[in-house]
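Student: Please see the structure below; I have some questions.
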Amino acid sequence: MKYLMGIDNGGTFSKVAIFDENGKQISVASEPTVTITPKSGYTERNMDELWDVNVAAIRKAIEKSEINPEDIAGVSFSGHGKGLYMVGYDGKPSYNGIVSTDTRAWAQVERWYQNGTNEKVYEMTFQEILAVQPVSLLAWFKENKPEVLEATKYIFAVKDYIRYMLTGEAYSEYTDCSGSNLVNFTTKQHDKELMRLFGIEECYDKLPPLRNSFDICGHITKAASEKTLLPEGIPVAAGMFDVNACGIASGLSDEEKMCMIAGTWSINEFIKKEPVTNGTVDLNSFFCIPGYFLVEESSPTSAGNMEWFIKNLMNYEKIGAKEARGSIYDITNEWVSSIEPQDSNVIFLPFLNGSNEDPLAKGTFIGLTAFHSKKHMLRAVYEGIVFSHVTHVKKLLKNREVPKSISLSGGAANSDVWIQIFADALQIPIDVIEDKEIGAQGAAMAAGIAAGIYNDYQDAVKRTVTITKTIVPRVEYKEIYEEKYATYRAVIDGLGGAWSHFKN
């Protein structure tokens, strides 16, 4: 039996998991990453510290697995998309890494939409421009910190930086770059004219060569082996955007399937053999399966909002001995299930980390009275996050048939209460994927192809993906959730003119 390692760097944690050839998770190690917020809208991380965190997680995963490290056949990666990780000519970071919740470049994006740049870009990339995409951030650096760009040799996504540290070789990768307005969809390459449209043509030569997710992009160096315990010389595959990783590990291998990931980001996606170019969806990108495009609707509006609620509005130590017998998530589920949806009219906008409505929109509760408790507020958080997913799914369904079911993964998939809300609000059955580090598993699938263990992703899906249960929608809740979703939309529309007053 050979083993595969997937390394997943998300918005708040670096996770490393080891799987056997059949997708069984042997061990997992998770290390928190420190987010630096020097200003409102800025989310950064120290890249040297990020590397140290990855080293610690890799070593811990190997030690916990109790396997012989020499039996690890390959390594690959998934990571949050967008953001920006820059390395200088001295091989060291030229600035802090920028995380995928950063909104500092909103003014650059606003200008591009005002002067028509977005329309010219769309003809080449078939996607909208987001403030957190590297093109927007690079334009911000050019205008505000040009010395950083001058000192930069390589422009990376987060996973590319970690791969660079393990191999010493610099590469870009299609799924990340094509979802970041960095690739011309016609030529399938980086494009000088595209960079010129953004006003950052000097960055073109800083973009490393493009590779497919399963391509070998170097091997573990001696120095990296000594730090991590990974065998020197084993192949390292390019890896992929975590949206792709979670999708492929959810079984997203043909055009019938559709999936949602409810983690820090609300990810909603399906694949097609051609991009959707009618303007009804925000993002098209290359999928990890060659020949397919990923049609994606996403925003940082998902389960991260619930973590904020737990941290700031639930005092776990003082909840009481009776309730504290379970985990904090057992308690949140009990709170939410104690209130029927028709008995609470509180609306929560899940925009604490960003929005799918307006780049300046903020999170808020609407409809609170003296009657309402934290339990009502928490139900509103669960529902608001679902409603953000519903908004994305409705846009996707303008371009395809309603699927027989939708696969769900991420933090929300661990809560039957929450899954039921998804099913009831969408009126579509929800398939729950086996509970494991799904982003890391997608990465491990890429490593398995590179190592010759799997023929392709379809083979990997057949051998490793398991649906544990399906939650069906309750028809009697259809009208209730339709009315609540209509109220959610009315609140968003009503606040449309207010967000410009909340720039900080």
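Residues in the structure tokens are numbered from 1 in each chain, the chains being A, B, ... in the order shown, and ligands are numbered from 1 in the order shown.
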Taking only C-alpha atoms into account, produce a table as CSV in which each residue of stretch 103-173 of chain A with an atom at most 8 Å from an atom of stretch 346-359 of chain A appears once, together with its shortest atom pair and the distance in Å to one decimal, ordered by chain and rising number.
Tutor:
```
residue,atom,partner,partner_atom,distance
A:Thr103,CA,A:Pro359,CA,7.6
A:Trp106,CA,A:Pro359,CA,6.7
A:Ala131,CA,A:Pro359,CA,7.8
```
Student: Counting only C-alpha atoms, what is within 6 Å of stretch 165-180 of chain A, bar same-chain residues fewer than 2 positions away, as an mmCIF file with N, CA and C atoms, in the first residue's frame?
Tutor:
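Saved file result_26.cif follows:
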```cif
data_model
loop_
_atom_site.group_PDB
_atom_site.id
_atom_site.type_symbol
_atom_site.label_atom_id
_atom_site.label_comp_id
_atom_site.auth_asym_id
_atom_site.auth_seq_id
_atom_site.Cartn_x
_atom_site.Cartn_y
_atom_site.Cartn_z
ATOM 1 N N GLY A 81 -8.208 30.259 -3.299
ATOM 2 C CA GLY A 81 -7.932 30.951 -4.550
ATOM 3 C C GLY A 81 -7.775 32.439 -4.326
ATOM 4 N N LYS A 82 -7.407 33.113 -5.400
ATOM 5 C CA LYS A 82 -7.277 34.567 -5.356
ATOM 6 C C LYS A 82 -6.230 34.955 -4.317
ATOM 7 N N GLN A 133 -8.913 39.396 -6.336
ATOM 8 C CA GLN A 133 -8.107 38.718 -7.354
ATOM 9 C C GLN A 133 -6.708 39.341 -7.426
ATOM 10 N N ILE A 162 3.901 27.350 -1.222
ATOM 11 C CA ILE A 162 4.303 26.203 -0.405
ATOM 12 C C ILE A 162 5.018 25.167 -1.273
ATOM 13 N N ARG A 163 4.522 24.960 -2.496
ATOM 14 C CA ARG A 163 5.199 24.022 -3.408
ATOM 15 C C ARG A 163 6.618 24.503 -3.740
ATOM 16 N N LEU A 182 -6.037 35.901 -14.777
ATOM 17 C CA LEU A 182 -4.643 35.893 -15.193
ATOM 18 C C LEU A 182 -4.398 35.100 -16.473
ATOM 19 N N VAL A 183 -5.454 34.475 -17.033
ATOM 20 C CA VAL A 183 -5.284 33.617 -18.205
ATOM 21 C C VAL A 183 -6.284 34.002 -19.286
ATOM 22 N N PRO A 208 5.005 32.730 -13.216
ATOM 23 C CA PRO A 208 5.726 31.503 -13.574
ATOM 24 C C PRO A 208 4.964 30.679 -14.618
ATOM 25 N N PRO A 209 5.635 29.717 -15.251
ATOM 26 C CA PRO A 209 4.990 28.884 -16.286
ATOM 27 C C PRO A 209 3.777 28.134 -15.738
ATOM 28 N N LEU A 210 2.779 27.942 -16.603
ATOM 29 C CA LEU A 210 1.541 27.270 -16.230
ATOM 30 C C LEU A 210 1.669 25.753 -16.356
ATOM 31 N N ARG A 211 1.047 25.036 -15.409
ATOM 32 C CA ARG A 211 1.020 23.585 -15.442
ATOM 33 C C ARG A 211 -0.377 23.081 -15.071
ATOM 34 N N ASN A 212 -0.706 21.852 -15.489
ATOM 35 C CA ASN A 212 -1.950 21.204 -15.062
ATOM 36 C C ASN A 212 -1.818 20.728 -13.622
ATOM 37 N N GLY A 218 8.366 19.341 -9.818
ATOM 38 C CA GLY A 218 9.538 19.252 -8.974
ATOM 39 C C GLY A 218 9.448 18.079 -8.017
ATOM 40 N N HIS A 219 10.455 17.969 -7.179
ATOM 41 C CA HIS A 219 10.552 16.873 -6.217
ATOM 42 C C HIS A 219 11.007 17.435 -4.868
ATOM 43 N N ILE A 220 10.716 16.725 -3.819
ATOM 44 C CA ILE A 220 11.086 17.187 -2.486
ATOM 45 C C ILE A 220 12.608 17.321 -2.391
ATOM 46 N N THR A 221 13.053 18.505 -2.010
ATOM 47 C CA THR A 221 14.490 18.737 -1.884
ATOM 48 C C THR A 221 15.028 18.148 -0.588
ATOM 49 N N ALA A 224 14.082 20.419 2.310
ATOM 50 C CA ALA A 224 12.671 20.275 2.693
ATOM 51 C C ALA A 224 12.433 18.942 3.379
ATOM 52 N N MET A 240 -4.152 22.396 -6.940
ATOM 53 C CA MET A 240 -5.262 23.138 -7.530
ATOM 54 C C MET A 240 -5.906 24.073 -6.519
ATOM 55 N N PHE A 241 -6.670 25.005 -7.071
ATOM 56 C CA PHE A 241 -7.558 25.887 -6.333
ATOM 57 C C PHE A 241 -8.463 25.009 -5.467
ATOM 58 N N SER A 285 -13.639 29.129 -14.957
ATOM 59 C CA SER A 285 -12.215 28.832 -14.870
ATOM 60 C C SER A 285 -11.985 27.430 -15.417
ATOM 61 N N PHE A 286 -10.732 27.084 -15.630
ATOM 62 C CA PHE A 286 -10.412 25.734 -16.070
ATOM 63 C C PHE A 286 -10.554 24.785 -14.891
ATOM 64 N N PHE A 287 -11.213 23.654 -15.125
ATOM 65 C CA PHE A 287 -11.354 22.644 -14.089
ATOM 66 C C PHE A 287 -10.121 21.757 -14.088
#
```
Student: Find the nearest atom pair between each residue of stretch 353-414 of chain A and stretch 469-485 of chain A for residues within 9 Å, count only C-alpha atoms, give distances in Å to one decimal, sort rows by chain and ascending number, and present the table as CSV.
Tutor:
```
residue,atom,partner,partner_atom,distance
A:Glu383,CA,A:Tyr485,CA,8.9
A:Gly384,CA,A:Tyr485,CA,8.7
A:Phe387,CA,A:Tyr485,CA,6.4
A:Val390,CA,A:Tyr485,CA,8.6
A:Ser405,CA,A:Thr470,CA,8.5
A:Ser407,CA,A:Thr470,CA,8.9
```
Student: Please, what distance in Å, to one decimal, runs between atom CA of A:Val87 and atom CA of A:Ala151?
Tutor: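 Between atom CA of A:Val87 and atom CA of A:Ala151 the gap is 8.3 Å.
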Student: From the set A:Ser14, A:Ser136, A:Thr43, A:Ser250, which residue has the shortest atom-to-atom contact distance to A:Ile467, counting only C-alpha atoms?
Tutor: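 Of A:Ser14, A:Ser136, A:Thr43, A:Ser250, the one nearest A:Ile467 is A:Ser250, counting only C-alpha atoms.
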Student: Just list as a VMD selection string whatever in stretch 144-212 of chain A DSSP marks as helix (DSSP H, G or I).
Tutor: chain A and resid 144 146 to 151 158 to 167 174 to 178 192 to 197 201 to 206
Student: With distances taken over only C-alpha atoms, which residue among A:Phe309, A:Phe141, A:Tyr154, A:Tyr161 lies nearest A:Asn54?
Tutor: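 Using only C-alpha atoms, A:Asn54 sits closest to A:Tyr161.
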Student: Using only C-alpha atoms, find each residue in stretch 259-364 of chain A having at least one atom no more than 8 Å away from stretch 410-422 of chain A; report its shortest atom-to-atom pair and that distance in Å (one decimal), rows by chain then rising number, as JSON lines.
Tutor:
```
{"residue": "A:Ile261", "atom": "CA", "partner": "A:Gly410", "partner_atom": "CA", "distance": 5.2}
{"residue": "A:Ala262", "atom": "CA", "partner": "A:Gly410", "partner_atom": "CA", "distance": 4.7}
{"residue": "A:Gly263", "atom": "CA", "partner": "A:Gly410", "partner_atom": "CA", "distance": 4.9}
{"residue": "A:Ala303", "atom": "CA", "partner": "A:Ala412", "partner_atom": "CA", "distance": 6.6}
{"residue": "A:Asn333", "atom": "CA", "partner": "A:Val417", "partner_atom": "CA", "distance": 6.2}
{"residue": "A:Val336", "atom": "CA", "partner": "A:Val417", "partner_atom": "CA", "distance": 7.6}
{"residue": "A:Ser337", "atom": "CA", "partner": "A:Val417", "partner_atom": "CA", "distance": 6.6}
```
Student: If you run DSSP over the backbone, which residues in stretch 335-406 of chain A end up strand (DSSP E)? Put them as a VMD selection string.
Tutor: chain A and resid 347 to 349 364 to 366 406
Student: Choose the residue, out of A:Val55, A:Ala440, A:Ala223, A:Ala249, that has the smallest atom-to-atom separation from A:Gly79; count only C-alpha atoms.
Tutor: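 Among A:Val55, A:Ala440, A:Ala223, A:Ala249, it is A:Ala440 that comes nearest to A:Gly79.
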Student: Neighbours of A:Lys206 within 6 Å (only C-alpha atoms; same-chain residues fewer than 2 positions away dropped), as a list in words?
Tutor: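 Listing them by chain and then by number gives Lys153, Tyr154, Ile155, Cys203 and Tyr204 of chain A.
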Student: Counting only C-alpha atoms, what is within 9 Å of A:Asp71, bar same-chain residues fewer than 2 positions away, as a PyMOL selection string?
Tutor: chain A and resi 1-4+67-69+73+231
Student: Filtering to N, CA and C atoms, could you give me those residues as an mmCIF file, in the first residue's frame?
Tutor:
```cif
data_model
loop_
_atom_site.group_PDB
_atom_site.id
_atom_site.type_symbol
_atom_site.label_atom_id
_atom_site.label_comp_id
_atom_site.auth_asym_id
_atom_site.auth_seq_id
_atom_site.Cartn_x
_atom_site.Cartn_y
_atom_site.Cartn_z
ATOM 1 N N MET A 1 0.842 -1.194 0.000
ATOM 2 C CA MET A 1 0.000 0.000 0.000
ATOM 3 C C MET A 1 0.877 1.245 0.000
ATOM 4 N N LYS A 2 0.613 2.138 -0.938
ATOM 5 C CA LYS A 2 1.279 3.428 -0.970
ATOM 6 C C LYS A 2 0.318 4.494 -0.429
ATOM 7 N N TYR A 3 0.889 5.613 -0.012
ATOM 8 C CA TYR A 3 0.109 6.681 0.593
ATOM 9 C C TYR A 3 0.342 7.989 -0.149
ATOM 10 N N LEU A 4 -0.630 8.880 -0.019
ATOM 11 C CA LEU A 4 -0.593 10.164 -0.710
ATOM 12 C C LEU A 4 -0.868 11.271 0.295
ATOM 13 N N ILE A 67 2.935 5.546 9.720
ATOM 14 C CA ILE A 67 3.393 4.818 8.540
ATOM 15 C C ILE A 67 4.873 5.127 8.324
ATOM 16 N N ASN A 68 5.513 4.327 7.495
ATOM 17 C CA ASN A 68 6.877 4.609 7.076
ATOM 18 C C ASN A 68 6.833 5.747 6.057
ATOM 19 N N PRO A 69 7.473 6.885 6.317
ATOM 20 C CA PRO A 69 7.423 7.993 5.359
ATOM 21 C C PRO A 69 7.852 7.584 3.950
ATOM 22 N N ALA A 73 3.954 8.194 -1.676
ATOM 23 C CA ALA A 73 4.300 8.146 -3.101
ATOM 24 C C ALA A 73 4.291 9.510 -3.764
ATOM 25 N N PRO A 231 10.041 12.068 2.168
ATOM 26 C CA PRO A 231 11.208 11.470 1.510
ATOM 27 C C PRO A 231 11.768 12.389 0.423
#
```
Student: So the first atom is atom CA of A:Gly442 and the second is atom CA of A:Ser78; what is the distance between them in Å, to one decimal place?
Tutor: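 Going from atom CA of A:Gly442 over to atom CA of A:Ser78, I get 7.4 Å.
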Student: Given only C-alpha atoms as the basis, pick out the residue of A:Ala498, A:Val381, A:Met5, A:Ile36 nearest to A:Lys24.
Tutor: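 Using only C-alpha atoms, the shortest distance to A:Lys24 belongs to A:Met5.
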Student: Identify, on the basis of only C-alpha atoms, every residue whose closest approach to A:Glu143 does not exceed 10 Å; exclude the query and any residue fewer than 5 positions from it along the same chain; express the result as a list of chain:residue names.
Tutor: A:Gln108, A:Leu137, A:Leu138
Student: Within 12 Å of A:Arg400, counting only C-alpha atoms, which residues qualify if same-chain residues fewer than 6 places away don't, as a ChimeraX atom specification?
Tutor: /A:255-258,269-272,276,280-281,295,393-394
Student: Which of these, A:Phe214, A:Trp265, A:Trp140, A:Phe13, has the shortest distance to A:Asp456 once you count only C-alpha atoms?
Tutor: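 With only C-alpha atoms as the atom set, the closest residue is A:Phe214.
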Student: Could you tell me how far atom CA of A:Asp435 lies from atom CA of A:Asn312, in Å and to one decimal?
Tutor: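 Here the two named atoms are 27.0 Å from each other.
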